[in-house]
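Participant: I'd like to ask some things about the structure below.
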Amino acid sequence: MTALAVTLGSVALIGSVAGPAVADSSAALPIRSSGDIIVDGVHQRVFISDPSGGKIVATDYDGTVIGTVTSLPQADGLELSADSATLYVAVPGTDEIVAIDTATVTEAERYATGDGTDPQHLALAGGKLWFGYGSVGHGNIGSLDLSGGQTRVSLAQEAEGTWKDAPLLDSAPGAPDTLAAGSRQYYFTLGIYDVSSGTAGRTAFLGGQDAAIGGTAEDLALTPDGTELVVATSVRDFQQVFRTSDLSETIRYPSTHWEQRSVDVAPDGLVAMGTDTYAFFSPQVSIYKPGGTAPRRTANFTDEVGGVAHQTLLDHGDLAFAPDSSRLFAVTRNLQGYYRLRVVTDPAKAVTTVTVNAPATADRAKALTVSGKVTNTLGLPAGTTVAVTRTDLESPNGKALPAATVKTDGTFSFADTPPAGSKVTYEVSYAGDADHTAASASDTVEVSRTSPTLTVDKNNNVYAYASNVTFTAHLGTTYKNRTLSLYADTAGDGKGKYLVKTGTVNSAGNLSVALPLKRDTTVSASFSGDARTAPKTATSWVGAKVKVSLSLSRHYKTATVNGYTKYYFRKTTNPLLTTTMTAYPNRAQKLEFQTYSGGAWRAAGYDYFNLDSTGKSVVQLGGTHQTGYSMRVRSSYINNSSNDSVNSTTHSSWKYFTFTS
């Protein structure tokens, strides 16, 4: 209960009652170094040796690691058996060659090559597994005969002093009895051997200390028929090609940088050459058709660190073609020492790019022009066309338009009249061919649409508490869509906007919904648009009053005066004023007093009093009560001032009273 003192000119508060969120690829490798890489086409796996980690890592063609074989100290050179069932690994740390089962990626057998041999590089030729072995200053060639069920190792196939390190080795299916060798550490030295007899008979030799070529053979690869040897040279800006018959030079594959570090030749003769450079961001890998003077394709591998592209390094022996020539694999490392497997798809094809330029905006049903360009380092055949697809609201899955012809300079253009508005996308696709990669690009036009008429009635109306009000949304002319969604957002319920009805408007364009209003509410109608008519939303705000009543008690009588009930109190009595109002957390009611003076009702004071959880407030009017005056009081909910704003301002009826002796 709250006590209130009243005088003729004011109301004084005494107290209160408390209330109750297939392309080129790259994948991380779990290695600390790279020794060699080889591709198993039968199982579609890539094997990489890690000398520092003493292991072999196997991945699929996407670079996903599928197996690891450990306990292979300084694991280096790799070779596959003809049937791809066995991977051979040179393991200098234990003077062994280890056989790995390629299907299960598990160790199958170990073959000792002799104490201190340090086998490092492998090649299969003449029915034997050949290995380059030796330490710094001393190298040679040995063989491992695995036929007949008994392992036989033959060392020192070359004269002492011919090789100053463990020579690189390579062989080719088209020349099964030819073995190529080269020195990676001492001078530029190459050797060709005939191994048909079971021993290595040298047939050609080039280099040594007196050779004028200089540098070292960082990597080498025989052509598929074995007639030529491609060599990556450490101090040249080209890769040299030599006849295997006499090691005379035939052609050179040019590069933009020195330090050729890696080379591989695909079964179809495609040549990949790699440089080890992190300057200038020039191509690290160049791919040539046999005998070509310009690269068919180039690749430059970078790693992004903190949003900035950083060059990576390509070491020797880090390139390998898939047996079907469909992919080129490369192992790179960044300057922080992290390794990745890079996959270049369709390496024989020159890369194509397509650009498309469409206007940013356009009018529906009016012609527009789209242009673009197809770029390829090899150029394009005369009469090349590109496919054109338009995607819009009328054709969400795309509609094929007439193909556009590419001019000799690679440019193209075409006209179109978009039948639908909103975002219209034009995609241009080049199919590619045996020499060119496929490519596509697109651009989007914002095409105009008409704006429909949309209204919701009852805006700014205020209704009694719990009134059942029907709202009607009206949609004007549209192209096809005649559906509206009606939403309500009721003040103070924490739900936000919620769907109350979705439906098709009637023949007059109207859709109605009836809602009981207990709080201020915003009703909105949403039209999603169609191919020729833009989306639109319309809203209507309506107010909802509260229920409020005020009763007086402790009076000794009532009488009807001028059509209203008047309450009479003894001046010694403190009236009780009881307000009942729609409840809401922390809500307060306003008690307002007036006195009749000079022929008019005049303000006599007011104050706010909290309601309890049931919406009730009891105030006792105390103080000295003067007799002979007509007074009145009412209780009100005032939006915002009553501690909330979820309803519209509402007043109770006036209660009239007076004090007598």
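In the structure tokens, the first chain shown is A, the next is B, and so on; residue numbers restart at 1 for each chain, and ligands run from 1 in the order shown.
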Please list as JSON, numbers by chain every residue within 8 Å of Ser617 (chain A), counting only C-alpha atoms and excluding residues in the same chain fewer than 2 positions away.

Facilitator: {"A": [1, 19, 578, 579, 580, 589, 609, 610, 611, 612, 615, 619]}

Participant: Write out as a PyMOL selection string the set of residues from region 84-205 of chain A that DSSP, computed on the backbone, places in helix (DSSP H, G or I).

Facilitator: chain A and resi 92-94+147-149

Participant: Give the answer as one residue: which of A:Ala82, A:Val98, A:Leu313, A:Leu341 has the shortest atom-to-atom distance to Val65 (chain A), using only C-alpha atoms?

Facilitator: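 Checking each of A:Ala82, A:Val98, A:Leu313, A:Leu341 against Val65 (chain A), counting only C-alpha atoms, the winner is A:Leu341.
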
Participant: As a PyMOL selection string, please: every residue in region 275-399 of chain A that a backbone DSSP assignment puts in strand (DSSP E).

Facilitator: chain A and resi 275+285-288+297-299+302-305+308-311+313-321+327-333+339-345+352-357+361-362+368-376+385-391+399

Participant: Using only C-alpha atoms, determine which residues lie at most 12 Å from Gln336 (chain A), disregarding the query and same-chain residues fewer than 5 positions distant; provide the list as a list in words.

Facilitator: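 Contacts, with the query itself left out: Arg32, Asp303, Glu304, Val305, His310, Gln311, Thr312 and Leu313 of chain A.
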
Participant: Hey, can you spit out that residue selection with C-alpha atoms as an mmCIF file, in the first residue's frame?

Facilitator:
```cif
data_model
loop_
_atom_site.group_PDB
_atom_site.id
_atom_site.type_symbol
_atom_site.label_atom_id
_atom_site.label_comp_id
_atom_site.auth_asym_id
_atom_site.auth_seq_id
_atom_site.Cartn_x
_atom_site.Cartn_y
_atom_site.Cartn_z
ATOM 1 C CA ARG A 32 61.686 -32.660 -43.727
ATOM 2 C CA ASP A 303 52.828 -20.207 -50.702
ATOM 3 C CA GLU A 304 50.631 -17.596 -49.064
ATOM 4 C CA VAL A 305 51.780 -16.456 -45.636
ATOM 5 C CA HIS A 310 56.011 -16.163 -51.132
ATOM 6 C CA GLN A 311 58.111 -18.008 -53.666
ATOM 7 C CA THR A 312 58.917 -21.661 -53.011
ATOM 8 C CA LEU A 313 62.004 -23.689 -53.911
#
```

Participant: Which residues, written as a ChimeraX atom specification, have at least one atom at most 8 Å from region 262-266 of chain A, with only C-alpha atoms counted and residues fewer than 6 positions away on the same chain left out?

Facilitator: /A:218-224,230-232,272-275,314-325

Participant: Go ahead and save the picked residues with N, CA, C and O atoms, as an mmCIF file, in the first residue's frame.

Facilitator:
```cif
data_model
loop_
_atom_site.group_PDB
_atom_site.id
_atom_site.type_symbol
_atom_site.label_atom_id
_atom_site.label_comp_id
_atom_site.auth_asym_id
_atom_site.auth_seq_id
_atom_site.Cartn_x
_atom_site.Cartn_y
_atom_site.Cartn_z
ATOM 1 N N GLU A 218 72.515 -31.832 -62.543
ATOM 2 C CA GLU A 218 71.643 -31.860 -61.368
ATOM 3 C C GLU A 218 70.574 -32.945 -61.463
ATOM 4 O O GLU A 218 70.135 -33.494 -60.460
ATOM 5 N N ASP A 219 70.133 -33.221 -62.666
ATOM 6 C CA ASP A 219 69.115 -34.245 -62.869
ATOM 7 C C ASP A 219 69.168 -34.650 -64.335
ATOM 8 O O ASP A 219 69.638 -33.889 -65.193
ATOM 9 N N LEU A 220 68.688 -35.859 -64.645
ATOM 10 C CA LEU A 220 68.692 -36.315 -66.027
ATOM 11 C C LEU A 220 67.528 -37.264 -66.266
ATOM 12 O O LEU A 220 67.000 -37.873 -65.339
ATOM 13 N N ALA A 221 67.116 -37.356 -67.529
ATOM 14 C CA ALA A 221 66.005 -38.236 -67.889
ATOM 15 C C ALA A 221 66.144 -38.638 -69.344
ATOM 16 O O ALA A 221 66.394 -37.793 -70.210
ATOM 17 N N LEU A 222 65.986 -39.930 -69.614
ATOM 18 C CA LEU A 222 66.015 -40.432 -70.983
ATOM 19 C C LEU A 222 64.660 -40.214 -71.646
ATOM 20 O O LEU A 222 63.614 -40.252 -70.993
ATOM 21 N N THR A 223 64.691 -39.965 -72.956
ATOM 22 C CA THR A 223 63.445 -39.917 -73.708
ATOM 23 C C THR A 223 62.857 -41.322 -73.770
ATOM 24 O O THR A 223 63.563 -42.320 -73.551
ATOM 25 N N PRO A 224 61.542 -41.468 -74.038
ATOM 26 C CA PRO A 224 60.909 -42.793 -73.989
ATOM 27 C C PRO A 224 61.575 -43.850 -74.863
ATOM 28 O O PRO A 224 61.589 -45.031 -74.500
ATOM 29 N N VAL A 230 68.056 -35.931 -71.608
ATOM 30 C CA VAL A 230 67.823 -34.530 -71.248
ATOM 31 C C VAL A 230 68.465 -34.291 -69.883
ATOM 32 O O VAL A 230 68.224 -35.040 -68.936
ATOM 33 N N VAL A 231 69.277 -33.220 -69.794
ATOM 34 C CA VAL A 231 70.071 -32.982 -68.591
ATOM 35 C C VAL A 231 69.815 -31.578 -68.055
ATOM 36 O O VAL A 231 69.853 -30.594 -68.804
ATOM 37 N N ALA A 232 69.532 -31.484 -66.748
ATOM 38 C CA ALA A 232 69.428 -30.200 -66.061
ATOM 39 C C ALA A 232 70.809 -29.825 -65.562
ATOM 40 O O ALA A 232 71.434 -30.580 -64.819
ATOM 41 N N ALA A 272 59.570 -31.750 -68.936
ATOM 42 C CA ALA A 272 59.394 -30.752 -67.878
ATOM 43 C C ALA A 272 60.746 -30.411 -67.296
ATOM 44 O O ALA A 272 61.535 -31.301 -66.971
ATOM 45 N N MET A 273 61.018 -29.120 -67.181
ATOM 46 C CA MET A 273 62.280 -28.676 -66.596
ATOM 47 C C MET A 273 61.990 -27.675 -65.493
ATOM 48 O O MET A 273 61.058 -26.877 -65.578
ATOM 49 N N GLY A 274 62.773 -27.781 -64.407
ATOM 50 C CA GLY A 274 62.520 -26.928 -63.254
ATOM 51 C C GLY A 274 63.766 -26.220 -62.789
ATOM 52 O O GLY A 274 64.871 -26.764 -62.849
ATOM 53 N N THR A 275 63.593 -24.976 -62.327
ATOM 54 C CA THR A 275 64.695 -24.197 -61.781
ATOM 55 C C THR A 275 64.501 -24.033 -60.292
ATOM 56 O O THR A 275 63.375 -24.085 -59.776
ATOM 57 N N LEU A 314 62.301 -25.310 -55.648
ATOM 58 C CA LEU A 314 62.203 -26.611 -56.317
ATOM 59 C C LEU A 314 63.603 -27.196 -56.364
ATOM 60 O O LEU A 314 64.493 -26.642 -57.019
ATOM 61 N N ASP A 315 63.826 -28.308 -55.673
ATOM 62 C CA ASP A 315 65.159 -28.890 -55.585
ATOM 63 C C ASP A 315 65.370 -29.893 -56.718
ATOM 64 O O ASP A 315 64.485 -30.151 -57.523
ATOM 65 N N HIS A 316 66.585 -30.475 -56.774
ATOM 66 C CA HIS A 316 66.860 -31.429 -57.839
ATOM 67 C C HIS A 316 66.043 -32.710 -57.644
ATOM 68 O O HIS A 316 65.760 -33.135 -56.531
ATOM 69 N N GLY A 317 65.634 -33.286 -58.771
ATOM 70 C CA GLY A 317 64.907 -34.543 -58.735
ATOM 71 C C GLY A 317 63.489 -34.447 -58.229
ATOM 72 O O GLY A 317 62.913 -35.445 -57.797
ATOM 73 N N ASP A 318 62.888 -33.236 -58.260
ATOM 74 C CA ASP A 318 61.578 -33.046 -57.648
ATOM 75 C C ASP A 318 60.438 -32.970 -58.659
ATOM 76 O O ASP A 318 59.371 -32.431 -58.350
ATOM 77 N N LEU A 319 60.627 -33.502 -59.865
ATOM 78 C CA LEU A 319 59.572 -33.526 -60.875
ATOM 79 C C LEU A 319 59.323 -34.967 -61.324
ATOM 80 O O LEU A 319 60.266 -35.740 -61.490
ATOM 81 N N ALA A 320 58.047 -35.303 -61.545
ATOM 82 C CA ALA A 320 57.720 -36.644 -62.046
ATOM 83 C C ALA A 320 56.374 -36.608 -62.751
ATOM 84 O O ALA A 320 55.393 -36.086 -62.215
ATOM 85 N N PHE A 321 56.334 -37.177 -63.960
ATOM 86 C CA PHE A 321 55.086 -37.308 -64.705
ATOM 87 C C PHE A 321 54.344 -38.575 -64.280
ATOM 88 O O PHE A 321 54.962 -39.581 -63.905
ATOM 89 N N ALA A 322 53.008 -38.517 -64.373
ATOM 90 C CA ALA A 322 52.217 -39.734 -64.250
ATOM 91 C C ALA A 322 52.464 -40.592 -65.492
ATOM 92 O O ALA A 322 52.732 -40.063 -66.576
ATOM 93 N N PRO A 323 52.397 -41.916 -65.378
ATOM 94 C CA PRO A 323 52.670 -42.787 -66.533
ATOM 95 C C PRO A 323 51.768 -42.537 -67.737
ATOM 96 O O PRO A 323 52.137 -42.866 -68.860
ATOM 97 N N ASP A 324 50.585 -41.967 -67.523
ATOM 98 C CA ASP A 324 49.708 -41.659 -68.658
ATOM 99 C C ASP A 324 49.870 -40.217 -69.128
ATOM 100 O O ASP A 324 49.086 -39.737 -69.962
ATOM 101 N N SER A 325 50.866 -39.515 -68.602
ATOM 102 C CA SER A 325 51.193 -38.132 -68.980
ATOM 103 C C SER A 325 50.096 -37.138 -68.633
ATOM 104 O O SER A 325 50.134 -35.984 -69.078
#
```

Participant: Using CA of Ala473 (chain A) and CA of Ser485 (chain A) as the two end points, give the distance in Å to one decimal.

Facilitator: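 Pair CA of Ala473 (chain A) / CA of Ser485 (chain A) returns 9.5 Å.
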
Participant: Interatomic distance between CA of Thr565 (chain A) and CA of His651 (chain A)?

Facilitator: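 Here the two named atoms are 17.7 Å from each other.
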
Participant: Using only C-alpha atoms, which protein or nucleic acid residues come within 8 Å of Ala404 (chain A)? Drop anything in the same chain fewer than 3 positions from it, and give the result as a PyMOL selection string.

Facilitator: chain A and resi 385-388+412-414

Participant: Go ahead and write the selection's residues with N, CA, C and O atoms as an mmCIF file, in the first residue's frame.

Facilitator:
```
data_model
loop_
_atom_site.group_PDB
_atom_site.id
_atom_site.type_symbol
_atom_site.label_atom_id
_atom_site.label_comp_id
_atom_site.auth_asym_id
_atom_site.auth_seq_id
_atom_site.Cartn_x
_atom_site.Cartn_y
_atom_site.Cartn_z
ATOM 1 N N THR A 385 35.028 -21.119 -81.503
ATOM 2 C CA THR A 385 33.832 -20.524 -80.911
ATOM 3 C C THR A 385 33.795 -20.783 -79.419
ATOM 4 O O THR A 385 34.458 -21.697 -78.912
ATOM 5 N N VAL A 386 33.032 -19.972 -78.733
ATOM 6 C CA VAL A 386 32.823 -20.156 -77.297
ATOM 7 C C VAL A 386 31.332 -20.312 -77.044
ATOM 8 O O VAL A 386 30.500 -19.691 -77.713
ATOM 9 N N ALA A 387 30.993 -21.169 -76.096
ATOM 10 C CA ALA A 387 29.602 -21.380 -75.726
ATOM 11 C C ALA A 387 29.150 -20.266 -74.788
ATOM 12 O O ALA A 387 29.920 -19.797 -73.945
ATOM 13 N N VAL A 388 27.904 -19.853 -74.928
ATOM 14 C CA VAL A 388 27.357 -18.765 -74.115
ATOM 15 C C VAL A 388 26.096 -19.268 -73.413
ATOM 16 O O VAL A 388 25.218 -19.854 -74.047
ATOM 17 N N PHE A 412 35.940 -11.489 -78.569
ATOM 18 C CA PHE A 412 34.622 -11.904 -79.025
ATOM 19 C C PHE A 412 33.601 -10.920 -78.466
ATOM 20 O O PHE A 412 33.864 -10.188 -77.496
ATOM 21 N N SER A 413 32.416 -10.893 -79.047
ATOM 22 C CA SER A 413 31.305 -10.105 -78.520
ATOM 23 C C SER A 413 30.009 -10.697 -79.037
ATOM 24 O O SER A 413 29.984 -11.374 -80.072
ATOM 25 N N PHE A 414 28.940 -10.446 -78.309
ATOM 26 C CA PHE A 414 27.623 -10.896 -78.751
ATOM 27 C C PHE A 414 26.574 -9.991 -78.120
ATOM 28 O O PHE A 414 26.808 -9.353 -77.088
#
```

Participant: Excluding Ser528 (chain A) and residues on its chain fewer than 2 positions from it, collect all residues at most 12 Å away from it, counting only C-alpha atoms, and give them as an NGL selection string.

Facilitator: :A and (393 or 422 or 451-452 or 454 or 475 or 478 or 480-486 or 502 or 525-526 or 530-538)

Participant: Could you check the closest approach to Thr178 (chain A) for each of A:Ile97, A:Ile192, A:Ala358, A:Met581 and tell me which residue wins, using only C-alpha atoms?

Facilitator: A:Ile192

Participant: Go through A:Asn334, A:Thr384, A:Thr227, A:Thr203 one by one, measure the shortest atom-to-atom distance of each to Ala28 (chain A) using only C-alpha atoms, and give the residue with the smallest value.

Facilitator: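 Once distances to Ala28 (chain A) are computed over only C-alpha atoms, the minimum belongs to A:Asn334.
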
Participant: For a quick check of understanding, using only C-alpha atoms, which of A:Phe329, A:Tyr487, A:Tyr426, A:Phe527 has the smallest distance to Gly63 (chain A)?

Facilitator: A:Phe329

Participant: Using only C-alpha atoms, which protein or nucleic acid residues come within 12 Å of Ala400 (chain A)? Drop anything in the same chain fewer than 5 positions from it, and give the result as a PyMOL selection string.

Facilitator: chain A and resi 386-392+395+416+425-429

Participant: The selected residues should be written to file as a PDB file, in the first residue's frame (atoms: C-alpha atoms).

Facilitator:
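again_12.pdb, written as the output of this step:
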```pdb
ATOM      1  CA  VAL A 386      32.823 -20.156 -77.297  1.00  0.00           C
ATOM      2  CA  ALA A 387      29.602 -21.380 -75.726  1.00  0.00           C
ATOM      3  CA  VAL A 388      27.357 -18.765 -74.115  1.00  0.00           C
ATOM      4  CA  THR A 389      24.866 -19.425 -71.330  1.00  0.00           C
ATOM      5  CA  ARG A 390      22.440 -16.941 -69.793  1.00  0.00           C
ATOM      6  CA  THR A 391      21.169 -17.604 -66.266  1.00  0.00           C
ATOM      7  CA  ASP A 392      18.272 -15.559 -64.887  1.00  0.00           C
ATOM      8  CA  SER A 395      16.096 -19.829 -66.657  1.00  0.00           C
ATOM      9  CA  ASP A 416      21.389 -10.290 -76.187  1.00  0.00           C
ATOM     10  CA  THR A 425      24.651 -13.900 -65.549  1.00  0.00           C
ATOM     11  CA  TYR A 426      26.405 -14.517 -68.846  1.00  0.00           C
ATOM     12  CA  GLU A 427      28.873 -17.415 -68.757  1.00  0.00           C
ATOM     13  CA  VAL A 428      31.286 -17.920 -71.638  1.00  0.00           C
ATOM     14  CA  SER A 429      33.029 -21.305 -71.964  1.00  0.00           C
TER      15      SER A 429
END
```

Participant: Find the residue from A:Asp36, A:Asp76, A:Asp194, A:Asp165 that sits nearest to Gly54 (chain A); use only C-alpha atoms when measuring.

Facilitator: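 Under the stated criterion, the closest residue is A:Asp76.
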